[in-house]
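So the structure is just underneath, and the comments pick up after that.
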Amino acid sequence: MPADVVLRTQGLVKRFGGLLAVDHLDLEVRRGEVVGLLGPNGAGKSTTIGMILGLVAPTAGRAEVVGLDVTTRREQALARVGAMLEVTSFYPYLAGRENLMAVAILRGGAAPTRVDPLLARLGLAQRAGSRFREYSLGMRQRLGIASTLLGDPAVVILDEPANGLDPAGQREIRDLIRELATEGRGVLLASHLLHEVEQVCDRVIVIQKGRKIVEGSLAEITHGGGGYAITIADAQRAAEVLRRVSGVTEVRLTERGVEVAAPPERGAELNRALAEERLFASAIVPRRSTLEDVFIELTEKGANDAPPAA
Amino acid sequence: MLRPLRSELYRMTRRLMPRVILGAMFGFGLVFYELIYTTVSQQLGLLRSGNAPSSVTGPGGTEAMIRQLEQTLQQLAPASIPELGVGLVAGLGTVLLIVYGPSHLGTEYGWGTLRTLLASGLSRRAFLATKLVSLLLFTVALTALGVVSVTAASYLVSLQAGFDTGGLDPARILSASWRTGYAFLPYTALTALIALWARSSGAGIAAGLVIFFVEGLATQLLISLNRDLVTVANLGISRNVASLSRLSVSVSGSTPESAGAPLPDQTQAALVLAAWIVAFIALAYWRLRSRDVTLA
């Protein structure tokens with residue numbers, strides 16, 4: 001395991017009876033990197049996180065944190081992980097500060113001294129004495145994030161951290177996630193908020209039915225970030241010409257012409273290639289491909305595929 | 001092990017439920033002694049003044065009834081704490097622990113905090129060990145508080161009634177308390193196992209109460225059907241708990257009976273209960289270890 005890789009799964013498999021929830025999943029998170037883990041509901045994100053945290057026993061494969069196997073050296077491995085699960089669970093009868101202190105005592109070391117600074121960092125200092133049961137959903141999320149940082153982790157795993165937060169709160173969490181990466185921590189972020197992922201992640205992994213269907217930087221996944229919608233009469237011929245243009249990764253026929261996946265600076269080149277073949281577009285409209293477009297395209301395509309063998 | 005235990009005690013001492021249960025145990029001793037004293041004193045007063053209705057006097061006449069009530073009052077004196085007082089602690093303590101034990105474990109599932117604890121690096125073995133050790137400490141505290149309560153109540157009532165407050169035997173009280181505390185453990189371990197298995201406090205409490213009340217009746221029925229089945233009945237929990245809770249063995253040297261059949265001797269009872277405790281804990285560990293803690 002390279003020194004900068006702080007989290008790695010290799011061939012991770014989980015079966016629940018006849019259901020294959022996670023299918024040979026390999027992923028890596030490096031120091032200072034934010035990796036988005038995306039997938040529709042039931043794709044296997046939470047099960048994957050469960051296996052990384054030793055909550056769910058893998059059927060096959062392994063997970064490592066800073067080179068330590070989570071199954072065989074669980075305690076040492078998880079001492080370097082801070083995790084916030086999708087449903088933030090704390091003791092309802094304890095105050096926010098007491099809940100953090102209970103986890104901090106469990107973690108030991110300098111964790112108890114981090115309780116108050118973390119409450120302040122997450123904007124909870126004023127309500128630190130209120131019971132958890134009285135917290136709003138947003139405050140619960142903040143407390144969950146604070147608890148991930150008690151052990152000064154090398155890896156932070158956040159499952160839907162912005163659930164229940166207002167737009168200002170969401171922005172704060174995005175800033176915090178970037179700060180964590182700047183501090184040299186690796187962050188694995190599972191989220192349904194694709195714009196959030198788009199803004200904070202260096203790399204994205206999309207899973208569907210437990211299988212990784214795509215992995216790469218945002219630019220790679222969104223095909224350089226965009227493309228062009230070209231309105232043209234002879235779409236079939238235009239598509240053949242455009243496929244030969246350098247930088248074009250995908251050409252698709254539409255009702256009005258073709259859609260081309262290509263980097264933004266290729267517009268003039270596309271126009272020239274068509275004109276040289278005496279094909280004249282009535283419109284060439286730049287079209288920015290978002291992560292949401294790609295996600296929906298990928299997952300719809302994946303949903304139509306045959307389900308993995310159980 | 002020390003860090004998880006410290007964290008557990010940190011949470012436990014801030015929870016209302018253990019405090020309510022300890023308070024109930026303490027209050028119950030005082031109230032029960034006072035209640036017996038007041039009721040019996042009133043009946044005695046009526047009998048001595050000749051104003052008691054005929055239904056109260058019973059078949060032996062007024063004098064016999066008075067003697068019987070005076071003996072009952074004498075049981076409230078400090079000399080009888082190992083029998084009456086500790087007996088009360090045993091009865092109420094079992095029920096209170098059947099309520100608290102499952103809650104101590106089951107709420108970790110209900111609140112989802114088991115995930116938080118395990119994701120913080122706590123192993124399943126350490127989790128279970130911490131829960132059991134903290135339950136053991138709670139059992140010791142409950143027993144001690146109960147015994148303190150009945151001792152205080154006994155002195156208060158004796159002062160009110162003008163009884164002799166001498167005759168307190170700390171060694172016998174300690175012996176009875178220790179055996180009572182030990183007898184709590186199988187029920188505590190059983191109900192904790194059920195709560196863990198069902199991932200629910202309610203299931204543990206309900207099943208625990210049913211087993212507590214039904215097992216004793218079932219063993220009595222078994223013995224009444226065939227006295228030879230006493231060997232089987234003596235492998236259960238209730239008759240061994242009854243054997244441990246009784247003082248008369250050490251006092252008279254005779255073997256006490258229940259349901260017309262001798263109870264197991266106390267060494268055997270302690271060993272059988274120990275076997276049950278170990279079996280319940282082993283099953284709980286196996287279940288906890290073999291089951292995924294899912295996130296949904």
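As shown in the structure tokens, the chain order sets the letters A, B, ...; within each chain, residues go from 1, and ligands are also counted from 1 in the order they appear.
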Could I get the residues of chain B with an atom no further than 10 Å from an atom of chain A, each paired with its nearest atom pair and that distance in Å to one decimal, using only C-alpha atoms, sorted by chain and residue number, as a Markdown table?
```
| residue | atom | partner | partner_atom | distance |
| --- | --- | --- | --- | --- |
| B:Met1 | CA | A:Leu106 | CA | 9.5 |
| B:Leu2 | CA | A:Leu106 | CA | 8.9 |
| B:Arg3 | CA | A:Leu106 | CA | 5.2 |
| B:Pro4 | CA | A:Leu106 | CA | 5.2 |
| B:Leu5 | CA | A:Leu106 | CA | 8.3 |
| B:Arg6 | CA | A:Ile105 | CA | 7.0 |
| B:Ser7 | CA | A:Ala102 | CA | 5.2 |
| B:Glu8 | CA | A:Ala102 | CA | 7.7 |
| B:Leu9 | CA | A:Ala102 | CA | 9.3 |
| B:Tyr10 | CA | A:Ala102 | CA | 6.6 |
| B:Arg11 | CA | A:Ala102 | CA | 6.7 |
| B:Arg14 | CA | A:Leu94 | CA | 7.2 |
| B:Arg15 | CA | A:Tyr93 | CA | 6.6 |
| B:Leu16 | CA | A:Tyr93 | CA | 8.1 |
| B:Thr107 | CA | A:Tyr91 | CA | 9.2 |
| B:Glu108 | CA | A:Tyr91 | CA | 8.6 |
| B:Gly110 | CA | A:Ser89 | CA | 9.7 |
| B:Trp111 | CA | A:Ser89 | CA | 6.4 |
| B:Gly112 | CA | A:Ser89 | CA | 5.3 |
| B:Thr113 | CA | A:Ser89 | CA | 5.2 |
| B:Leu114 | CA | A:Ser89 | CA | 8.5 |
| B:Arg115 | CA | A:Leu55 | CA | 7.2 |
| B:Thr116 | CA | A:Ser89 | CA | 6.4 |
| B:Leu117 | CA | A:Val103 | CA | 7.4 |
| B:Leu118 | CA | A:Leu55 | CA | 6.9 |
| B:Ala119 | CA | A:Leu53 | CA | 5.6 |
| B:Ser120 | CA | A:Leu78 | CA | 6.6 |
| B:Gly121 | CA | A:Leu78 | CA | 4.9 |
| B:Leu122 | CA | A:Glu75 | CA | 6.8 |
| B:Ser123 | CA | A:Glu75 | CA | 7.0 |
| B:Arg124 | CA | A:Leu55 | CA | 9.5 |
| B:Arg289 | CA | A:Ala57 | CA | 9.6 |
| B:Ser290 | CA | A:Ala57 | CA | 8.6 |
| B:Arg291 | CA | A:Val56 | CA | 7.9 |
| B:Asp292 | CA | A:Val56 | CA | 4.6 |
| B:Val293 | CA | A:Leu55 | CA | 5.1 |
| B:Thr294 | CA | A:Val56 | CA | 6.7 |
| B:Leu295 | CA | A:Ser46 | CA | 6.6 |
| B:Ala296 | CA | A:Val87 | CA | 7.8 |
```
Quiz item: Any idea what's packed within 10 Å of B:Leu135, counting only C-alpha atoms, ignoring anything in its chain fewer than 5 positions away? Could you give it as a list in words?
Solution: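 Listing them by chain and then by number gives Met12, Leu97, Tyr100, Gly101, His104, Leu105, Ala129, Thr130, Val140, Ala141, Leu185, Thr188, Ala189 and Ala192 of chain B.
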Got a sec: who's within 9 Å of stretch 239-242 of chain B, counting only C-alpha atoms, leaving out chain neighbours fewer than 6 positions off, as a PDB file with all heavy atoms, in the first residue's frame?
```
ATOM      1  N   ARG B 179     -25.115 -13.837  48.718  1.00  0.00           N
ATOM      2  CA  ARG B 179     -25.827 -14.901  48.011  1.00  0.00           C
ATOM      3  C   ARG B 179     -27.005 -14.340  47.220  1.00  0.00           C
ATOM      4  O   ARG B 179     -27.298 -14.784  46.120  1.00  0.00           O
ATOM      5  CB  ARG B 179     -26.270 -15.985  48.991  1.00  0.00           C
ATOM      6  CG  ARG B 179     -25.101 -16.923  49.319  1.00  0.00           C
ATOM      7  CD  ARG B 179     -25.422 -18.017  50.292  1.00  0.00           C
ATOM      8  NE  ARG B 179     -25.550 -17.502  51.653  1.00  0.00           N
ATOM      9  CZ  ARG B 179     -26.691 -17.457  52.306  1.00  0.00           C
ATOM     10  NH1 ARG B 179     -27.783 -17.901  51.763  1.00  0.00           N
ATOM     11  NH2 ARG B 179     -26.723 -16.994  53.528  1.00  0.00           N
ATOM     12  N   THR B 180     -27.645 -13.301  47.774  1.00  0.00           N
ATOM     13  CA  THR B 180     -28.743 -12.660  47.032  1.00  0.00           C
ATOM     14  C   THR B 180     -28.214 -12.003  45.760  1.00  0.00           C
ATOM     15  O   THR B 180     -28.791 -12.150  44.682  1.00  0.00           O
ATOM     16  CB  THR B 180     -29.411 -11.589  47.937  1.00  0.00           C
ATOM     17  OG1 THR B 180     -30.015 -12.276  49.023  1.00  0.00           O
ATOM     18  CG2 THR B 180     -30.454 -10.797  47.189  1.00  0.00           C
ATOM     19  N   TYR B 182     -25.578 -12.744  44.096  1.00  0.00           N
ATOM     20  CA  TYR B 182     -25.175 -13.798  43.155  1.00  0.00           C
ATOM     21  C   TYR B 182     -26.403 -14.372  42.447  1.00  0.00           C
ATOM     22  O   TYR B 182     -26.379 -14.637  41.244  1.00  0.00           O
ATOM     23  CB  TYR B 182     -24.424 -14.895  43.915  1.00  0.00           C
ATOM     24  CG  TYR B 182     -23.886 -15.996  43.027  1.00  0.00           C
ATOM     25  CD1 TYR B 182     -22.721 -15.815  42.298  1.00  0.00           C
ATOM     26  CD2 TYR B 182     -24.552 -17.208  42.923  1.00  0.00           C
ATOM     27  CE1 TYR B 182     -22.238 -16.827  41.482  1.00  0.00           C
ATOM     28  CE2 TYR B 182     -24.072 -18.222  42.118  1.00  0.00           C
ATOM     29  CZ  TYR B 182     -22.909 -18.025  41.393  1.00  0.00           C
ATOM     30  OH  TYR B 182     -22.436 -19.013  40.586  1.00  0.00           O
ATOM     31  N   ALA B 183     -27.482 -14.534  43.218  1.00  0.00           N
ATOM     32  CA  ALA B 183     -28.703 -15.117  42.650  1.00  0.00           C
ATOM     33  C   ALA B 183     -29.359 -14.185  41.626  1.00  0.00           C
ATOM     34  O   ALA B 183     -30.159 -14.629  40.807  1.00  0.00           O
ATOM     35  CB  ALA B 183     -29.686 -15.448  43.771  1.00  0.00           C
ATOM     36  N   PHE B 184     -29.009 -12.881  41.670  1.00  0.00           N
ATOM     37  CA  PHE B 184     -29.545 -11.947  40.663  1.00  0.00           C
ATOM     38  C   PHE B 184     -28.951 -12.222  39.276  1.00  0.00           C
ATOM     39  O   PHE B 184     -29.571 -11.945  38.261  1.00  0.00           O
ATOM     40  CB  PHE B 184     -29.179 -10.497  41.015  1.00  0.00           C
ATOM     41  CG  PHE B 184     -29.961  -9.905  42.156  1.00  0.00           C
ATOM     42  CD1 PHE B 184     -29.400  -8.922  42.953  1.00  0.00           C
ATOM     43  CD2 PHE B 184     -31.271 -10.290  42.406  1.00  0.00           C
ATOM     44  CE1 PHE B 184     -30.111  -8.345  43.998  1.00  0.00           C
ATOM     45  CE2 PHE B 184     -31.990  -9.727  43.453  1.00  0.00           C
ATOM     46  CZ  PHE B 184     -31.400  -8.753  44.251  1.00  0.00           C
ATOM     47  N   PRO B 186     -28.042 -14.792  37.185  1.00  0.00           N
ATOM     48  CA  PRO B 186     -28.576 -15.555  36.047  1.00  0.00           C
ATOM     49  C   PRO B 186     -29.720 -14.845  35.334  1.00  0.00           C
ATOM     50  O   PRO B 186     -29.764 -14.842  34.107  1.00  0.00           O
ATOM     51  CB  PRO B 186     -29.072 -16.860  36.680  1.00  0.00           C
ATOM     52  CG  PRO B 186     -28.708 -16.838  38.092  1.00  0.00           C
ATOM     53  CD  PRO B 186     -28.087 -15.549  38.434  1.00  0.00           C
ATOM     54  N   GLY B 216     -40.791 -20.900  37.986  1.00  0.00           N
ATOM     55  CA  GLY B 216     -41.040 -21.424  39.329  1.00  0.00           C
ATOM     56  C   GLY B 216     -42.298 -22.280  39.373  1.00  0.00           C
ATOM     57  O   GLY B 216     -42.312 -23.374  39.954  1.00  0.00           O
ATOM     58  N   THR B 219     -41.751 -25.618  37.483  1.00  0.00           N
ATOM     59  CA  THR B 219     -40.982 -26.623  38.233  1.00  0.00           C
ATOM     60  C   THR B 219     -41.839 -27.240  39.337  1.00  0.00           C
ATOM     61  O   THR B 219     -41.761 -28.442  39.588  1.00  0.00           O
ATOM     62  CB  THR B 219     -39.694 -26.024  38.841  1.00  0.00           C
ATOM     63  OG1 THR B 219     -40.033 -24.850  39.558  1.00  0.00           O
ATOM     64  CG2 THR B 219     -38.659 -25.708  37.790  1.00  0.00           C
ATOM     65  N   ALA B 233     -35.886 -30.500  37.669  1.00  0.00           N
ATOM     66  CA  ALA B 233     -36.277 -29.181  38.175  1.00  0.00           C
ATOM     67  C   ALA B 233     -35.092 -28.475  38.841  1.00  0.00           C
ATOM     68  O   ALA B 233     -34.955 -27.251  38.754  1.00  0.00           O
ATOM     69  CB  ALA B 233     -37.422 -29.324  39.148  1.00  0.00           C
ATOM     70  N   SER B 258     -39.053 -27.090  48.909  1.00  0.00           N
ATOM     71  CA  SER B 258     -39.948 -26.242  48.128  1.00  0.00           C
ATOM     72  C   SER B 258     -40.754 -27.173  47.245  1.00  0.00           C
ATOM     73  O   SER B 258     -40.197 -28.093  46.647  1.00  0.00           O
ATOM     74  CB  SER B 258     -39.147 -25.251  47.282  1.00  0.00           C
ATOM     75  OG  SER B 258     -40.026 -24.502  46.477  1.00  0.00           O
ATOM     76  N   LEU B 263     -34.682 -28.679  48.212  1.00  0.00           N
ATOM     77  CA  LEU B 263     -33.954 -27.802  47.280  1.00  0.00           C
ATOM     78  C   LEU B 263     -32.521 -28.310  47.148  1.00  0.00           C
ATOM     79  O   LEU B 263     -32.025 -28.994  48.050  1.00  0.00           O
ATOM     80  CB  LEU B 263     -33.933 -26.363  47.824  1.00  0.00           C
ATOM     81  CG  LEU B 263     -35.260 -25.609  47.768  1.00  0.00           C
ATOM     82  CD1 LEU B 263     -35.149 -24.317  48.578  1.00  0.00           C
ATOM     83  CD2 LEU B 263     -35.637 -25.301  46.329  1.00  0.00           C
ATOM     84  N   PRO B 264     -31.861 -27.985  46.052  1.00  0.00           N
ATOM     85  CA  PRO B 264     -30.465 -28.405  45.927  1.00  0.00           C
ATOM     86  C   PRO B 264     -29.609 -27.737  47.001  1.00  0.00           C
ATOM     87  O   PRO B 264     -29.958 -26.666  47.491  1.00  0.00           O
ATOM     88  CB  PRO B 264     -30.054 -27.918  44.546  1.00  0.00           C
ATOM     89  CG  PRO B 264     -31.159 -27.090  44.027  1.00  0.00           C
ATOM     90  CD  PRO B 264     -32.336 -27.217  44.913  1.00  0.00           C
ATOM     91  N   ASP B 265     -28.494 -28.406  47.389  1.00  0.00           N
ATOM     92  CA  ASP B 265     -27.661 -27.747  48.401  1.00  0.00           C
ATOM     93  C   ASP B 265     -26.999 -26.519  47.765  1.00  0.00           C
ATOM     94  O   ASP B 265     -26.942 -26.380  46.544  1.00  0.00           O
ATOM     95  CB  ASP B 265     -26.641 -28.709  49.011  1.00  0.00           C
ATOM     96  CG  ASP B 265     -25.513 -29.043  48.069  1.00  0.00           C
ATOM     97  OD1 ASP B 265     -24.754 -28.122  47.702  1.00  0.00           O
ATOM     98  OD2 ASP B 265     -25.403 -30.221  47.673  1.00  0.00           O
ATOM     99  N   GLN B 266     -26.511 -25.646  48.613  1.00  0.00           N
ATOM    100  CA  GLN B 266     -26.105 -24.318  48.126  1.00  0.00           C
ATOM    101  C   GLN B 266     -24.884 -24.364  47.219  1.00  0.00           C
ATOM    102  O   GLN B 266     -24.776 -23.551  46.303  1.00  0.00           O
ATOM    103  CB  GLN B 266     -25.882 -23.390  49.316  1.00  0.00           C
ATOM    104  CG  GLN B 266     -27.213 -23.107  50.017  1.00  0.00           C
ATOM    105  CD  GLN B 266     -27.167 -21.919  50.939  1.00  0.00           C
ATOM    106  OE1 GLN B 266     -26.121 -21.613  51.500  1.00  0.00           O
ATOM    107  NE2 GLN B 266     -28.294 -21.255  51.115  1.00  0.00           N
ATOM    108  N   GLN B 268     -24.166 -26.830  45.140  1.00  0.00           N
ATOM    109  CA  GLN B 268     -24.683 -27.272  43.841  1.00  0.00           C
ATOM    110  C   GLN B 268     -25.445 -26.139  43.158  1.00  0.00           C
ATOM    111  O   GLN B 268     -25.299 -25.913  41.952  1.00  0.00           O
ATOM    112  CB  GLN B 268     -25.614 -28.475  44.042  1.00  0.00           C
ATOM    113  CG  GLN B 268     -26.131 -29.050  42.719  1.00  0.00           C
ATOM    114  CD  GLN B 268     -27.240 -30.075  42.941  1.00  0.00           C
ATOM    115  OE1 GLN B 268     -27.245 -30.765  43.955  1.00  0.00           O
ATOM    116  NE2 GLN B 268     -28.163 -30.179  42.001  1.00  0.00           N
ATOM    117  N   ALA B 269     -26.237 -25.424  43.968  1.00  0.00           N
ATOM    118  CA  ALA B 269     -27.018 -24.309  43.407  1.00  0.00           C
ATOM    119  C   ALA B 269     -26.100 -23.264  42.785  1.00  0.00           C
ATOM    120  O   ALA B 269     -26.333 -22.791  41.664  1.00  0.00           O
ATOM    121  CB  ALA B 269     -27.870 -23.669  44.501  1.00  0.00           C
ATOM    122  N   ALA B 270     -25.032 -22.937  43.507  1.00  0.00           N
ATOM    123  CA  ALA B 270     -24.093 -21.924  42.998  1.00  0.00           C
ATOM    124  C   ALA B 270     -23.454 -22.396  41.694  1.00  0.00           C
ATOM    125  O   ALA B 270     -23.280 -21.613  40.752  1.00  0.00           O
ATOM    126  CB  ALA B 270     -23.028 -21.635  44.051  1.00  0.00           C
ATOM    127  N   VAL B 272     -24.686 -24.665  39.492  1.00  0.00           N
ATOM    128  CA  VAL B 272     -25.679 -24.707  38.399  1.00  0.00           C
ATOM    129  C   VAL B 272     -25.932 -23.289  37.880  1.00  0.00           C
ATOM    130  O   VAL B 272     -25.964 -23.052  36.660  1.00  0.00           O
ATOM    131  CB  VAL B 272     -26.998 -25.366  38.876  1.00  0.00           C
ATOM    132  CG1 VAL B 272     -28.095 -25.196  37.833  1.00  0.00           C
ATOM    133  CG2 VAL B 272     -26.776 -26.836  39.171  1.00  0.00           C
ATOM    134  N   LEU B 273     -26.083 -22.351  38.791  1.00  0.00           N
ATOM    135  CA  LEU B 273     -26.322 -20.968  38.361  1.00  0.00           C
ATOM    136  C   LEU B 273     -25.124 -20.417  37.599  1.00  0.00           C
ATOM    137  O   LEU B 273     -25.280 -19.704  36.604  1.00  0.00           O
ATOM    138  CB  LEU B 273     -26.653 -20.077  39.567  1.00  0.00           C
ATOM    139  CG  LEU B 273     -27.991 -20.375  40.256  1.00  0.00           C
ATOM    140  CD1 LEU B 273     -28.215 -19.414  41.420  1.00  0.00           C
ATOM    141  CD2 LEU B 273     -29.151 -20.297  39.273  1.00  0.00           C
TER     142      LEU B 273
END
```
Self-check item: Distance query B:Leu222 at most 12 Å, only C-alpha atoms, self and fewer than 4 positions along chain excluded, as an MDAnalysis selection string
Solution: chainID B and resid 215:218 226:234 236 259:261
Quiz item: Could you pull the residues within 12 Å of B:Leu209, counting only C-alpha atoms, minus those fewer than 3 positions along the same chain, as an MDAnalysis selection string?
Solution: chainID B and resid 94:102 187:188 190:191 194 202:206 212:216
Expected file contents, prior selection, N, CA, C and O atoms, as a compact mmCIF listing (two decimals), in the first residue's frame:
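Saved file selection.txt follows:
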```txt
# COMPACT_ATOMS: atom_id res chain seq x y z
N THR B 94 -34.70 -8.65 41.98
CA THR B 94 -34.79 -9.47 40.76
C THR B 94 -35.66 -8.78 39.71
O THR B 94 -35.28 -8.68 38.54
N VAL B 95 -36.81 -8.31 40.15
CA VAL B 95 -37.72 -7.65 39.20
C VAL B 95 -37.06 -6.38 38.63
O VAL B 95 -37.11 -6.13 37.42
N LEU B 96 -36.43 -5.60 39.49
CA LEU B 96 -35.80 -4.36 39.02
C LEU B 96 -34.68 -4.66 38.03
O LEU B 96 -34.52 -3.96 37.02
N LEU B 97 -33.93 -5.71 38.30
CA LEU B 97 -32.83 -6.04 37.38
C LEU B 97 -33.35 -6.64 36.07
O LEU B 97 -32.73 -6.47 35.02
N ILE B 98 -34.49 -7.31 36.14
CA ILE B 98 -35.09 -7.83 34.91
C ILE B 98 -35.55 -6.64 34.04
O ILE B 98 -35.57 -6.73 32.82
N VAL B 99 -35.86 -5.54 34.66
CA VAL B 99 -36.23 -4.34 33.90
C VAL B 99 -34.96 -3.61 33.42
O VAL B 99 -34.87 -3.20 32.26
N TYR B 100 -33.99 -3.48 34.29
CA TYR B 100 -32.83 -2.66 33.93
C TYR B 100 -31.84 -3.37 33.00
O TYR B 100 -31.31 -2.76 32.07
N GLY B 101 -31.60 -4.66 33.24
CA GLY B 101 -30.60 -5.40 32.44
C GLY B 101 -30.85 -5.30 30.95
O GLY B 101 -29.97 -4.88 30.19
N PRO B 102 -32.05 -5.64 30.48
CA PRO B 102 -32.31 -5.55 29.04
C PRO B 102 -32.22 -4.11 28.52
O PRO B 102 -31.77 -3.87 27.41
N TYR B 187 -30.63 -14.24 36.10
CA TYR B 187 -31.73 -13.52 35.46
C TYR B 187 -31.20 -12.31 34.67
O TYR B 187 -31.68 -12.01 33.58
N THR B 188 -30.23 -11.64 35.26
CA THR B 188 -29.66 -10.47 34.58
C THR B 188 -29.01 -10.90 33.26
O THR B 188 -29.21 -10.27 32.22
N LEU B 190 -29.60 -13.63 31.54
CA LEU B 190 -30.60 -14.16 30.61
C LEU B 190 -31.34 -13.03 29.90
O LEU B 190 -31.51 -13.05 28.67
N THR B 191 -31.78 -12.05 30.67
CA THR B 191 -32.55 -10.96 30.05
C THR B 191 -31.67 -10.11 29.15
O THR B 191 -32.12 -9.62 28.11
N ILE B 194 -31.48 -11.99 25.92
CA ILE B 194 -32.71 -11.87 25.11
C ILE B 194 -32.78 -10.50 24.45
O ILE B 194 -33.11 -10.37 23.26
N GLY B 202 -37.55 -4.04 25.25
CA GLY B 202 -38.89 -4.52 25.60
C GLY B 202 -38.97 -6.04 25.58
O GLY B 202 -39.55 -6.66 26.47
N ALA B 203 -38.36 -6.62 24.55
CA ALA B 203 -38.40 -8.08 24.43
C ALA B 203 -37.69 -8.74 25.62
O ALA B 203 -38.17 -9.73 26.18
N GLY B 204 -36.58 -8.16 26.02
CA GLY B 204 -35.81 -8.70 27.15
C GLY B 204 -36.59 -8.60 28.44
O GLY B 204 -36.63 -9.55 29.25
N ILE B 205 -37.25 -7.46 28.64
CA ILE B 205 -38.01 -7.25 29.88
C ILE B 205 -39.21 -8.21 29.92
O ILE B 205 -39.43 -8.91 30.92
N ALA B 206 -39.95 -8.26 28.81
CA ALA B 206 -41.14 -9.10 28.77
C ALA B 206 -40.77 -10.58 28.97
O ALA B 206 -41.35 -11.26 29.82
N PHE B 212 -39.28 -15.45 34.79
CA PHE B 212 -39.15 -15.33 36.25
C PHE B 212 -40.38 -15.90 36.96
O PHE B 212 -40.27 -16.65 37.92
N PHE B 213 -41.56 -15.54 36.46
CA PHE B 213 -42.77 -15.99 37.14
C PHE B 213 -43.19 -17.41 36.74
O PHE B 213 -43.68 -18.16 37.55
N VAL B 214 -42.97 -17.75 35.49
CA VAL B 214 -43.49 -19.04 35.00
C VAL B 214 -42.56 -20.20 35.36
O VAL B 214 -43.05 -21.30 35.66
N GLU B 215 -41.26 -19.97 35.38
CA GLU B 215 -40.35 -21.09 35.61
C GLU B 215 -40.59 -21.73 36.97
O GLU B 215 -40.61 -22.96 37.11
N GLY B 216 -40.79 -20.90 37.99
CA GLY B 216 -41.04 -21.42 39.33
C GLY B 216 -42.30 -22.28 39.37
O GLY B 216 -42.31 -23.37 39.95
```
Practice problem: Once DSSP has gone over the backbone, tell me which residues of stretch 26-206 of chain A are in helix (DSSP H, G or I), as a ChimeraX atom specification. | Solution: /A:45-52,74-78,96-107,111-121,125-127,132-134,137-148,167-182,194-200
Practice problem: Find the distance between atom CA of B:Ile237 and atom CA of B:Val150 and write it in Å to one decimal. | Solution: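 Result for atom CA of B:Ile237 versus atom CA of B:Val150: 25.7 Å, one decimal.
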Quiz prompt | Nearest candidate to B:Glu63 (options B:Gln75, B:Leu44, B:Pro18, B:Ile173; using only C-alpha atoms) | solution =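 Answer, going by the shortest atom-to-atom distance: B:Leu44.
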Exercise. For atom CA of B:Gly167 and atom CA of B:Tyr37, quote the distance in Å rounded to one decimal.
Key: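 We find that atom CA of B:Gly167 and atom CA of B:Tyr37 lie 19.0 Å from each other.
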Quiz item: Using only C-alpha atoms, which of B:Gln43, B:Ile21, B:Thr38, B:Ala77 sits nearest B:Thr139?
Solution: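 The shortest atom-to-atom distance to B:Thr139 comes from B:Ile21.
Of the residues listed (B:Gly162, B:Gly146, B:Gly106, B:Pro262), B:Gly106 shows the shortest atom-to-atom separation from B:Leu196; distances use only C-alpha atoms.
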Quiz item: When you draw a straight line from atom CA of B:Leu283 to atom CA of A:Asp69, how long is it in Å?
Solution: 27.1 Å
Exercise. Considering only C-alpha atoms, return as number ranges by chain whatever protein or nucleic-acid residues lie within 12 Å of A:Leu188, sequence-local ones (same chain, fewer than 3 positions apart) excluded.
Key: A: 6-8, 27-38, 45-46, 48-49, 52, 81-85, 154-161, 177-178, 180-181, 185, 191, 197, 200-205
Quiz item: If you run DSSP on the backbone, which residues of stretch 220-268 of chain A are strand (DSSP E or B), as a VMD selection string?
Solution: chain A and resid 226 to 231 250 to 253 257 to 261
Quiz item: Leaving out A:Gly138 and any residue of its chain fewer than 6 positions from it, which residues lie within 8 Å of it when counting only C-alpha atoms, given as a list in words?
Solution: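 The filter keeps Ala162, Asn163, Gly164, Leu165, Asp166 and Gly169 of chain A.
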Export, as a short mmCIF file (atom, residue, chain, number, x, y, z; two decimals), in the first residue's frame, the selected residues with N, CA, C and O atoms.
```
data_model
loop_
_atom_site.label_atom_id
_atom_site.label_comp_id
_atom_site.auth_asym_id
_atom_site.auth_seq_id
_atom_site.Cartn_x
_atom_site.Cartn_y
_atom_site.Cartn_z
N ALA A 162 -24.57 16.43 4.88
CA ALA A 162 -25.34 17.67 4.77
C ALA A 162 -26.83 17.46 4.93
O ALA A 162 -27.60 18.41 4.79
N ASN A 163 -27.24 16.24 5.27
CA ASN A 163 -28.66 15.96 5.51
C ASN A 163 -29.22 16.92 6.54
O ASN A 163 -28.69 17.04 7.64
N GLY A 164 -30.29 17.60 6.21
CA GLY A 164 -30.97 18.44 7.19
C GLY A 164 -30.34 19.80 7.40
O GLY A 164 -30.81 20.56 8.24
N LEU A 165 -29.27 20.10 6.68
CA LEU A 165 -28.64 21.42 6.86
C LEU A 165 -29.22 22.42 5.88
O LEU A 165 -29.56 22.08 4.74
N ASP A 166 -29.32 23.67 6.33
CA ASP A 166 -29.79 24.71 5.41
C ASP A 166 -28.63 25.08 4.46
O ASP A 166 -27.50 24.61 4.65
N GLY A 169 -25.50 26.16 6.10
CA GLY A 169 -24.89 25.03 6.80
C GLY A 169 -24.19 24.09 5.83
O GLY A 169 -23.09 23.59 6.12
#
```
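Each of B:Phe127, B:Phe26, B:Trp178, B:Tyr109 was checked against B:Pro82 using only C-alpha atoms; the smallest atom-to-atom distance is that of B:Trp178.
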